[in-house]
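For reference, work_17.txt is printed below; it contains compact mmCIF, C-alpha atoms and all ligand atoms.
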# COMPACT_ATOMS: atom_id res chain seq x y z
CA MET I 480 3.13 -27.15 -6.96
CA ARG I 481 2.34 -25.66 -3.57
CA GLU I 482 2.43 -21.87 -3.09
CA ALA I 483 5.58 -21.78 -0.93
CA THR I 484 7.58 -23.90 -3.38
CA LYS I 485 6.35 -21.84 -6.33
CA ILE I 486 7.39 -18.57 -4.68
CA ILE I 487 10.77 -19.79 -3.44
CA ARG I 488 11.66 -21.03 -6.93
CA SER I 489 10.15 -18.04 -8.76
CA THR I 490 13.27 -15.88 -8.50
CA LEU I 491 15.68 -18.42 -10.04
CA THR I 492 17.13 -17.83 -13.49
CA ARG I 493 16.57 -20.41 -16.25
CA THR I 494 18.61 -23.59 -15.87
CA ALA I 495 21.60 -23.10 -18.17
CA PRO I 496 25.23 -24.15 -17.55
CA GLY I 497 27.27 -21.23 -16.24
CA GLU I 498 24.26 -19.04 -15.52
CA PRO I 499 24.16 -17.59 -11.98
CA LEU I 500 21.24 -18.93 -9.90
CA HIS I 501 19.93 -15.42 -9.40
CA PRO I 502 20.09 -12.51 -11.83
CA GLY I 503 22.18 -9.46 -11.01
CA PRO I 504 20.87 -5.90 -11.51
CA VAL I 505 21.25 -4.43 -15.00
CA PHE I 506 22.23 -0.76 -14.88
CA ALA I 507 21.42 0.85 -18.19
CA ALA I 508 19.54 3.82 -19.65
CA PRO I 509 19.72 3.10 -23.41
CA TYR I 510 20.45 -0.34 -24.88
CA HIS I 511 22.01 -1.19 -28.24
CA ALA I 512 18.99 -0.83 -30.48
CA PRO I 513 19.68 -0.57 -34.22
CA GLY I 514 16.79 -0.62 -36.70
CA ASP I 515 13.16 -1.45 -35.93
CA PRO I 516 12.70 -0.88 -32.15
CA SER I 517 9.54 -3.02 -31.99
CA ALA I 518 11.67 -6.14 -32.51
CA ILE I 519 14.03 -5.33 -29.61
CA PRO I 520 12.95 -6.17 -26.00
CA TYR I 521 14.97 -3.39 -24.38
CA THR I 522 15.61 -0.02 -25.98
CA TYR I 523 15.37 2.59 -23.21
CA ALA I 524 15.05 1.80 -19.51
CA ARG I 525 12.04 4.05 -18.77
CA SER I 526 10.02 1.46 -20.74
CA HIS I 527 11.56 -1.85 -19.68
CA ASN I 528 14.59 -3.25 -17.93
CA PRO I 529 15.78 -6.90 -17.66
CA THR I 530 15.84 -6.74 -13.83
CA TRP I 531 12.19 -5.60 -13.85
CA THR I 532 11.44 -8.48 -16.19
CA HIS I 533 12.85 -11.01 -13.69
CA LEU I 534 10.87 -9.40 -10.87
CA GLU I 535 7.70 -9.25 -12.97
CA LYS I 536 8.03 -12.92 -13.87
CA SER I 537 8.35 -13.81 -10.20
CA LEU I 538 5.33 -11.66 -9.21
CA ALA I 539 3.31 -13.04 -12.13
CA GLN I 540 3.97 -16.59 -10.94
CA ILE I 541 2.82 -15.67 -7.43
CA GLU I 542 -0.34 -14.00 -8.79
CA SER I 543 -1.18 -16.85 -11.23
CA GLY I 544 -3.37 -19.74 -10.14
CA GLU I 545 -5.47 -22.73 -11.18
CA GLY I 546 -6.51 -22.22 -14.77
CA TYR I 547 -5.27 -18.65 -15.32
CA ARG I 548 -2.00 -16.84 -15.94
CA ALA I 549 -1.31 -13.36 -14.67
CA THR I 550 1.23 -10.84 -15.88
CA ALA I 551 2.73 -8.21 -13.58
CA LEU I 552 4.05 -4.67 -13.92
CA VAL I 553 6.32 -3.17 -11.28
CA PHE I 554 6.22 0.41 -10.02
CA ALA I 555 8.39 2.67 -7.88
CA SER I 556 5.90 2.45 -4.99
CA GLY I 557 2.47 1.14 -4.08
CA MET I 558 1.02 4.59 -4.75
CA ALA I 559 2.56 4.64 -8.25
CA ALA I 560 0.78 1.32 -8.89
CA CYS I 561 -2.56 2.70 -7.58
CA THR I 562 -2.15 5.86 -9.67
CA ALA I 563 -1.44 3.80 -12.79
CA VAL I 564 -4.70 1.89 -12.39
CA PHE I 565 -6.74 5.08 -11.86
CA GLY I 566 -4.94 6.87 -14.70
CA ALA I 567 -5.09 4.05 -17.23
CA ILE I 568 -8.78 3.26 -16.66
CA LEU I 569 -10.66 6.40 -15.64
CA ARG I 570 -11.77 9.20 -17.97
CA PRO I 571 -13.86 12.33 -17.22
CA GLY I 572 -17.48 11.37 -16.49
CA ASP I 573 -16.59 7.83 -15.35
CA ILE I 574 -17.81 6.58 -11.99
CA ALA I 575 -15.35 4.99 -9.56
CA VAL I 576 -16.60 3.17 -6.45
CA LEU I 577 -13.99 3.46 -3.70
CA PRO I 578 -13.97 2.35 -0.07
CA ALA I 579 -14.58 5.30 2.26
CA ASN I 580 -11.95 3.70 4.51
CA ALA I 581 -9.41 2.94 1.76
CA TYR I 582 -5.73 3.59 2.46
CA TYR I 583 -5.79 7.32 2.97
CA ALA I 584 -3.29 8.35 0.28
CA ALA I 585 -5.28 6.45 -2.40
CA ARG I 586 -8.44 8.17 -1.19
CA VAL I 587 -6.83 11.63 -1.14
CA LEU I 588 -5.39 11.07 -4.62
CA ALA I 589 -8.83 10.13 -5.94
CA GLN I 590 -10.57 13.04 -4.21
CA GLU I 591 -8.05 15.83 -4.72
CA TYR I 592 -6.91 14.97 -8.25
CA PHE I 593 -9.07 12.47 -10.15
CA ALA I 594 -12.38 13.90 -8.89
CA GLN I 595 -11.16 17.39 -9.87
CA MET I 596 -10.63 16.09 -13.41
CA GLY I 597 -14.23 14.96 -13.74
CA ILE I 598 -14.20 11.43 -12.31
CA ARG I 599 -17.31 10.83 -10.21
CA LEU I 600 -16.45 9.12 -6.92
CA ARG I 601 -18.74 7.01 -4.80
CA LEU I 602 -17.13 6.50 -1.39
CA THR I 603 -18.78 3.68 0.55
CA PRO I 604 -17.73 1.47 3.48
CA THR I 605 -15.94 -1.85 3.01
CA ALA I 606 -17.78 -3.72 5.76
CA ASN I 607 -21.02 -5.63 5.01
CA ASN I 608 -20.20 -5.58 1.26
CA ALA I 609 -21.74 -2.08 1.22
CA GLN I 610 -20.15 -1.37 -2.18
CA LEU I 611 -22.70 -3.76 -3.74
CA GLN I 612 -25.37 -1.06 -3.51
CA HIS I 613 -23.35 1.48 -5.53
CA LEU I 614 -22.19 -0.36 -8.65
CA GLU I 615 -24.72 0.82 -11.19
CA GLY I 616 -23.01 2.62 -14.07
CA ALA I 617 -19.56 2.26 -12.49
CA LYS I 618 -16.38 1.99 -14.57
CA LEU I 619 -14.12 0.94 -11.70
CA LEU I 620 -14.71 -0.84 -8.43
CA TRP I 621 -11.77 -0.42 -6.04
CA ILE I 622 -11.70 -2.90 -3.14
CA GLU I 623 -9.36 -3.00 -0.16
CA THR I 624 -9.73 -6.02 2.12
CA PRO I 625 -8.67 -6.20 4.88
CA SER I 626 -8.69 -2.41 4.85
CA ASN I 627 -5.83 -0.41 6.32
CA PRO I 628 -6.00 0.43 9.20
CA THR I 629 -9.53 -0.56 10.32
CA MET I 630 -9.27 -4.19 9.14
CA ASP I 631 -12.73 -4.27 7.56
CA VAL I 632 -13.39 -7.20 5.26
CA CYS I 633 -15.56 -7.67 2.18
CA ASP I 634 -16.27 -10.55 -0.18
CA ILE I 635 -14.09 -10.20 -3.29
CA ALA I 636 -15.84 -12.95 -5.30
CA LEU I 637 -19.33 -11.62 -4.57
CA LEU I 638 -18.39 -8.01 -5.35
CA SER I 639 -16.44 -8.94 -8.49
CA GLU I 640 -19.36 -10.87 -9.92
CA ALA I 641 -21.80 -8.04 -9.24
CA ALA I 642 -19.37 -5.43 -10.62
CA HIS I 643 -18.86 -7.41 -13.82
CA ARG I 644 -22.63 -7.66 -14.27
CA ALA I 645 -22.70 -3.85 -13.93
CA GLY I 646 -19.88 -3.52 -16.51
CA ALA I 647 -17.18 -2.35 -14.09
CA ILE I 648 -13.50 -3.31 -13.91
CA VAL I 649 -12.50 -4.61 -10.47
CA ALA I 650 -9.20 -3.75 -8.78
CA VAL I 651 -8.20 -5.01 -5.33
CA ASP I 652 -5.59 -3.29 -3.19
CA ASN I 653 -4.07 -6.48 -1.80
CA THR I 654 -1.28 -4.87 0.21
CA THR I 655 -1.99 -6.13 3.74
CA PRO I 656 -2.39 -9.86 2.91
CA THR I 657 -0.03 -10.05 -0.14
CA ALA I 658 -0.72 -12.32 -3.10
CA LEU I 659 0.35 -15.29 -0.97
CA GLY I 660 -2.19 -14.46 1.73
CA GLN I 661 -5.05 -13.76 -0.69
CA SER I 662 -5.42 -14.16 -4.49
CA PRO I 663 -7.76 -11.46 -5.88
CA LEU I 664 -7.42 -12.67 -9.48
CA ALA I 665 -8.47 -16.21 -8.48
CA LEU I 666 -11.48 -14.68 -6.72
CA GLY I 667 -12.58 -12.93 -9.91
CA ALA I 668 -10.96 -9.47 -9.76
CA ASP I 669 -9.40 -8.02 -12.91
CA LEU I 670 -6.47 -6.34 -11.20
CA SER I 671 -4.45 -7.14 -8.11
CA VAL I 672 -2.61 -4.05 -6.89
CA ALA I 673 -0.14 -3.95 -4.02
CA SER I 674 2.42 -1.96 -2.16
CA ASP I 675 5.32 -4.43 -2.07
CA THR I 676 7.06 -2.03 0.29
CA LYS I 677 5.28 -4.10 2.95
CA SER I 678 5.31 -7.89 3.44
CA MET I 679 6.11 -8.82 -0.15
CA THR I 680 9.68 -7.54 0.32
CA GLY I 681 9.52 -7.33 4.12
CA HIS I 682 12.88 -5.82 5.05
CA SER I 683 11.77 -2.19 5.44
CA ASP I 684 14.44 -1.03 2.99
CA ILE I 685 12.72 -0.39 -0.36
CA LEU I 686 9.57 1.10 -1.82
CA LEU I 687 7.91 -0.96 -4.51
CA GLY I 688 4.49 -1.62 -6.01
CA HIS I 689 2.98 -3.86 -8.64
CA VAL I 690 -0.16 -4.43 -10.66
CA ALA I 691 -1.07 -7.96 -11.73
CA VAL I 692 -3.57 -8.43 -14.53
CA ARG I 693 -4.81 -11.13 -16.88
CA ASP I 694 -6.22 -9.03 -19.71
CA LEU I 695 -3.45 -8.05 -22.13
CA GLU I 696 -5.21 -4.92 -23.39
CA LEU I 697 -5.54 -3.63 -19.84
CA ARG I 698 -1.92 -4.55 -19.21
CA GLN I 699 -0.89 -2.55 -22.27
CA LYS I 700 -2.66 0.59 -21.00
CA ILE I 701 -1.02 0.33 -17.58
CA ASP I 702 2.37 -0.33 -19.14
CA GLN I 703 1.94 2.75 -21.32
CA TRP I 704 0.97 4.83 -18.28
CA ARG I 705 4.20 3.78 -16.57
CA THR I 706 6.37 4.62 -19.57
CA LEU I 707 4.72 7.99 -20.14
CA THR I 708 4.64 9.16 -16.51
CA GLY I 709 8.16 7.86 -15.91
CA GLY I 710 8.30 7.61 -12.10
CA ILE I 711 9.92 4.20 -12.35
CA LEU I 712 11.86 2.02 -9.92
CA GLY I 713 15.59 1.55 -10.33
CA PRO I 714 17.21 -1.82 -11.11
CA MET I 715 18.82 -1.92 -7.65
CA GLU I 716 15.41 -1.85 -5.96
CA ALA I 717 14.13 -4.51 -8.35
CA TRP I 718 17.12 -6.69 -7.52
CA LEU I 719 16.71 -6.19 -3.76
CA ALA I 720 13.07 -7.18 -4.16
CA LEU I 721 14.08 -10.38 -5.94
CA ARG I 722 16.35 -11.27 -3.02
CA SER I 723 13.53 -10.65 -0.56
CA ILE I 724 10.60 -12.34 -2.29
CA ALA I 725 11.99 -15.87 -1.97
CA THR I 726 11.64 -15.66 1.82
CA LEU I 727 8.02 -14.41 1.70
CA PRO I 728 6.50 -17.79 2.62
CA LEU I 729 8.74 -18.08 5.70
CA ARG I 730 8.22 -14.49 6.82
CA LEU I 731 4.49 -14.35 6.16
CA GLU I 732 3.68 -17.62 7.87
CA ARG I 733 5.61 -16.63 10.99
CA SER I 734 4.35 -13.05 11.18
CA CYS I 735 0.71 -14.11 10.64
CA LEU I 736 1.00 -16.73 13.39
CA ASN I 737 2.43 -14.03 15.65
CA ALA I 738 -0.36 -11.60 14.68
CA GLN I 739 -2.99 -14.21 15.54
CA SER I 740 -1.43 -14.90 18.95
CA ILE I 741 -1.09 -11.19 19.70
CA ALA I 742 -4.72 -10.52 18.70
CA GLU I 743 -5.93 -13.39 20.90
CA PHE I 744 -3.83 -12.14 23.80
CA LEU I 745 -4.99 -8.52 23.43
CA ALA I 746 -8.60 -9.71 23.44
CA THR I 747 -8.08 -11.08 26.99
CA ARG I 748 -6.71 -7.81 28.39
CA PRO I 749 -8.98 -5.34 30.21
CA GLU I 750 -6.93 -2.30 29.01
CA VAL I 751 -7.90 -3.08 25.39
CA GLU I 752 -11.30 -1.80 24.31
CA THR I 753 -11.43 -3.46 20.88
CA VAL I 754 -9.20 -5.74 18.81
CA LEU I 755 -9.59 -5.62 15.03
CA TYR I 756 -8.17 -8.71 13.33
CA PRO I 757 -9.96 -10.86 10.73
CA GLY I 758 -8.39 -14.00 12.23
CA LEU I 759 -10.45 -13.61 15.40
CA PRO I 760 -13.76 -15.52 15.25
CA THR I 761 -15.38 -12.48 16.88
CA HIS I 762 -14.42 -10.22 13.92
CA PRO I 763 -17.55 -9.41 11.85
CA GLY I 764 -15.70 -10.30 8.63
CA HIS I 765 -14.16 -13.54 9.94
CA ALA I 766 -16.33 -15.94 7.89
CA ILE I 767 -15.53 -14.13 4.63
CA ALA I 768 -11.85 -13.83 5.53
CA LYS I 769 -11.72 -17.54 6.31
CA LYS I 770 -13.22 -18.30 2.91
CA GLN I 771 -10.97 -16.06 0.81
CA MET I 772 -7.65 -15.71 2.67
CA ARG I 773 -4.79 -18.20 3.05
CA TYR I 774 -3.36 -16.14 5.93
CA TYR I 775 -5.16 -13.42 7.89
CA GLY I 776 -2.20 -11.07 7.54
CA PRO I 777 0.49 -9.63 9.81
CA VAL I 778 -1.43 -6.44 10.63
CA LEU I 779 -3.93 -5.93 13.43
CA SER I 780 -5.36 -2.88 15.11
CA PHE I 781 -6.60 -2.31 18.65
CA ILE I 782 -8.00 0.53 20.67
CA LEU I 783 -6.76 1.71 24.06
CA ARG I 784 -8.60 4.11 26.38
CA ASP I 785 -7.23 7.34 24.91
CA LYS I 786 -4.25 9.09 23.34
CA ALA I 787 -2.25 9.09 26.59
CA ALA I 788 -2.73 5.34 27.10
CA ALA I 789 -1.66 4.64 23.52
CA GLU I 790 1.43 6.85 23.86
CA THR I 791 2.39 5.22 27.17
CA PHE I 792 1.98 1.76 25.62
CA LEU I 793 4.24 2.63 22.69
CA ALA I 794 6.85 4.33 24.85
CA GLN I 795 6.92 1.41 27.29
CA SER I 796 7.23 -1.34 24.68
CA LYS I 797 10.78 -2.50 23.95
CA LEU I 798 9.99 -4.77 21.01
CA LEU I 799 7.37 -2.81 19.08
CA THR I 800 9.35 -0.26 17.13
CA ASP I 801 7.31 2.94 16.94
CA ALA I 802 7.21 3.47 13.19
CA THR I 803 4.72 3.70 10.37
CA SER I 804 4.34 1.15 7.54
CA PHE I 805 3.94 -2.58 8.16
CA GLY I 806 4.86 -6.05 6.92
CA GLY I 807 8.51 -5.95 8.01
CA ILE I 808 10.47 -8.71 9.70
CA THR I 809 10.61 -6.48 12.79
CA SER I 810 7.41 -5.83 14.77
CA THR I 811 6.24 -2.23 14.62
CA ALA I 812 3.32 -0.26 16.00
CA GLU I 813 2.06 3.30 15.87
CA ARG I 814 -0.74 5.50 17.14
CA ARG I 815 -2.50 5.89 13.87
CA ALA I 816 -4.59 9.00 14.66
CA ARG I 817 -1.39 11.10 14.79
CA TRP I 818 -1.59 11.32 10.98
CA GLY I 819 -5.24 12.45 10.75
CA GLY I 820 -7.36 11.48 7.74
CA ASP I 821 -8.96 8.31 9.13
CA GLN I 822 -12.16 8.09 11.21
CA ILE I 823 -10.49 6.38 14.17
CA ALA I 824 -10.20 6.84 17.96
CA GLU I 825 -7.26 8.71 19.52
CA GLY I 826 -6.20 5.50 21.28
CA PHE I 827 -6.18 3.46 18.02
CA ILE I 828 -2.94 1.50 17.49
CA ARG I 829 -1.98 -0.34 14.31
CA LEU I 830 0.45 -3.16 14.99
CA SER I 831 2.46 -5.11 12.46
CA ALA I 832 3.66 -8.46 13.77
CA GLY I 833 7.20 -9.36 12.75
CA CYS I 834 9.04 -12.65 13.04
CA GLU I 835 10.42 -12.42 16.60
CA ALA I 836 9.79 -15.18 19.14
CA ILE I 837 6.14 -14.88 20.15
CA GLU I 838 6.91 -15.42 23.85
CA ASP I 839 9.09 -12.28 23.84
CA LEU I 840 6.45 -10.26 22.00
CA LEU I 841 3.65 -11.28 24.36
CA GLU I 842 5.77 -10.57 27.47
CA ASP I 843 6.68 -7.17 26.11
CA ILE I 844 3.10 -6.30 25.16
CA ALA I 845 1.84 -7.42 28.59
CA GLN I 846 4.26 -5.16 30.47
CA ALA I 847 3.51 -2.22 28.14
CA LEU I 848 -0.24 -2.68 28.76
CA ASP I 849 0.38 -2.88 32.54
CA ALA I 850 1.98 0.57 32.33
CA THR I 851 -1.18 2.11 30.85
CA ARG I 852 -3.34 1.41 33.95
C1 LIG I 901 -3.20 -0.53 1.61
C2 LIG I 901 -2.09 0.30 1.04
N1 LIG I 901 -2.11 0.59 -0.27
C3 LIG I 901 -1.14 1.34 -0.83
C4 LIG I 901 -0.10 1.86 -0.07
C5 LIG I 901 0.93 2.72 -0.72
O1 LIG I 901 2.16 2.08 -0.77
P1 LIG I 901 3.56 2.82 -0.87
O2 LIG I 901 3.85 3.44 0.46
O3 LIG I 901 4.51 1.73 -1.25
O4 LIG I 901 3.43 3.86 -1.94
C6 LIG I 901 -0.06 1.59 1.30
C7 LIG I 901 1.02 2.14 2.13
O5 LIG I 901 0.96 2.10 3.35
C8 LIG I 901 -1.08 0.79 1.86
O6 LIG I 901 -1.10 0.51 3.17
Spell out the structure here as structure tokens.
Amino acid sequence: MREATKIIRSTLTRTAPGEPLHPGPVFAAPYHAPGDPSAIPYTYARSHNPTWTHLEKSLAQIESGEGYRATALVFASGMAACTAVFGAILRPGDIAVLPANAYYAARVLAQEYFAQMGIRLRLTPTANNAQLQHLEGAKLLWIETPSNPTMDVCDIALLSEAAHRAGAIVAVDNTTPTALGQSPLALGADLSVASDTKSMTGHSDILLGHVAVRDLELRQKIDQWRTLTGGILGPMEAWLALRSIATLPLRLERSCLNAQSIAEFLATRPEVETVLYPGLPTHPGHAIAKKQMRYYGPVLSFILRDKAAAETFLAQSKLLTDATSFGGITSTAERRARWGGDQIAEGFIRLSAGCEAIEDLLEDIAQALDATR
């Protein structure tokens, strides 16, 4: 079955007369649970909930591929999913290899908390597969490709193979492409981690994260982390996610086409110093991206002359909503340096292409660029 069909059908309930096509949310804290709790699927909702189960089955189908089956665990946010992987795997003295340009909150979490508890961090760039040189003795290799917001790319299959030879577990933060755009588990990673706040759900109305994994022992540790730490998502969010996921193929295809057209257009404009998008043949990671991605993603970055030019561009645009986050059905953009924390220029803009008509987006971007002259 092709990916789009698999995803669209993944949120349906089992075929049984009288059963609704889609499950409703189950609101419960405790469940009826007499006797031996190990024989009962649901006892207390901090551990498991039937609406999570539906969502996890859908995500597991999306993350599974030729010859392997994934399981998935859902979290209250992408950061909760990242934290669960760090917390379940790393112990004092362990070495974790992280991208120096990883999503900044994951980096800060690793530096300000896990490193303080005795985890040894090796921060190295994503580009040019630089992590390859730092795998010796590592327990965890954390990959983010394309990286947010600099859009650097590395080779997941190559790095996973080398990391496994070195005895490390490999986790990929797959947020920007989603599991439809890129399949880390098929490329050899052990864990596929994502913020589903972005394209996976795509309506800018919920926070959500998940971890997909093949190994059941690893799954058990991450599941236990979630139950013990308890920052779980509610059934309403899980249900909203189920409604949204079925349209992922439609939304992602359209937004990635729009991102490609916008990147190509920006590359022709004299006001733009650099365009960073793996779908451009001029991008240094294009060949790798072409090999390992189904779609190049809805996110691109570009650099204008300075802070003032970037602010004028954003103020002048009518169709790029000035907001953080990405992967929504509505196009958004922001001057990324306003947050600090990333090594980027003051005129650096991260743009998330939505699903609007491309002609309108290009017209709007053209007039906003004109205003920066
Ligand atoms: C690459 C990446 N990973 C993780 C996260 C964290 O996700 P959340 O905001 O859902 O916690 C983000 C959020 O922007 C992200 O861009």
Would you give me, as a tab-separated table, each residue of chain I having an atom within 10 Å of an atom of ligand LIG 901 (chain I), along with its shortest atom pair and that distance in Å to one decimal, using only C-alpha atoms and all ligand atoms and sorting by chain and residue number?
residue	atom	partner	partner_atom	distance
I:Phe554	CA	I:LIG901	O3	9.0
I:Ala555	CA	I:LIG901	O3	7.7
I:Ser556	CA	I:LIG901	O3	4.1
I:Gly557	CA	I:LIG901	O1	3.5
I:Met558	CA	I:LIG901	O4	3.8
I:Ala559	CA	I:LIG901	O4	6.4
I:Ala560	CA	I:LIG901	O4	7.9
I:Cys561	CA	I:LIG901	C3	7.0
I:Thr562	CA	I:LIG901	O4	9.7
I:Ala581	CA	I:LIG901	C1	7.1
I:Tyr582	CA	I:LIG901	C1	4.9
I:Tyr583	CA	I:LIG901	C8	8.1
I:Ala584	CA	I:LIG901	C5	7.1
I:Ala585	CA	I:LIG901	C3	6.8
I:Arg586	CA	I:LIG901	N1	9.9
I:Glu623	CA	I:LIG901	C1	6.9
I:Thr624	CA	I:LIG901	C1	8.5
I:Pro625	CA	I:LIG901	C1	8.5
I:Ser626	CA	I:LIG901	C1	6.6
I:Asn627	CA	I:LIG901	C1	5.4
I:Pro628	CA	I:LIG901	O6	7.8
I:Val651	CA	I:LIG901	C1	9.7
I:Asp652	CA	I:LIG901	N1	6.0
I:Asn653	CA	I:LIG901	C1	6.9
I:Thr654	CA	I:LIG901	C1	4.9
I:Thr655	CA	I:LIG901	C1	6.1
I:Pro656	CA	I:LIG901	C1	9.5
I:Val672	CA	I:LIG901	N1	8.1
I:Ala673	CA	I:LIG901	N1	6.2
I:Ser674	CA	I:LIG901	O1	4.3
I:Asp675	CA	I:LIG901	O3	6.3
I:Thr676	CA	I:LIG901	O3	4.8
I:Lys677	CA	I:LIG901	O3	7.2
I:Ile685	CA	I:LIG901	O3	8.5
I:Leu686	CA	I:LIG901	O3	5.1
I:Leu687	CA	I:LIG901	O3	5.4
I:Gly688	CA	I:LIG901	O3	5.8
I:His689	CA	I:LIG901	O3	9.4
I:Thr803	CA	I:LIG901	O5	8.1
I:Ser804	CA	I:LIG901	O5	5.5
I:Phe805	CA	I:LIG901	O5	7.3
I:Gly806	CA	I:LIG901	O6	9.6
Can you tell me, as a PyMOL selection string, what residues are no more than 10 Å from Leu664 (chain I) when counting all atoms listed in the file, ignoring any on the same chain fewer than 5 positions away? chain I and resi 542-544+547-549+635-636+639+649-651+658+669-671+691-693
Out of I:Ala579, I:Ile823, I:Ala746, I:Ala495, which residue has the shortest atom-to-atom distance to Leu600 (chain I) when counting all atoms listed in the file?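 The shortest atom-to-atom distance to Leu600 (chain I) comes from I:Ala579.
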Given the point (-8.5, 9.1, -16.1) in the file's coordinates, find the residues that have an atom at most 10 Å from it, counting all atoms listed in the file, and give them as number ranges by chain. I: 562-573, 592-594, 596-598
Length of the CA of Thr706 (chain I) to CA of Pro513 (chain I) vector [Å]: 20.5 Å
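Closest approach to Tyr756 (chain I) among I:Ala824, I:Ala717, I:Val632, I:Ala665: I:Val632, based on all atoms listed in the file.
Taking CA of Leu736 (chain I) as the reference point, CA of Gln540 (chain I) is found at 24.5 Å.
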Find the residue from I:Val587, I:Ile837, I:Leu620, I:Met715 that sits nearest to Gly503 (chain I); use only C-alpha atoms when measuring. I:Met715
Within 8 Å of Thr603 (chain I), counting all atoms listed in the file, which residues qualify if same-chain residues fewer than 2 places away don't, as a ChimeraX atom specification? /I:576-580,601,605,609-610,613
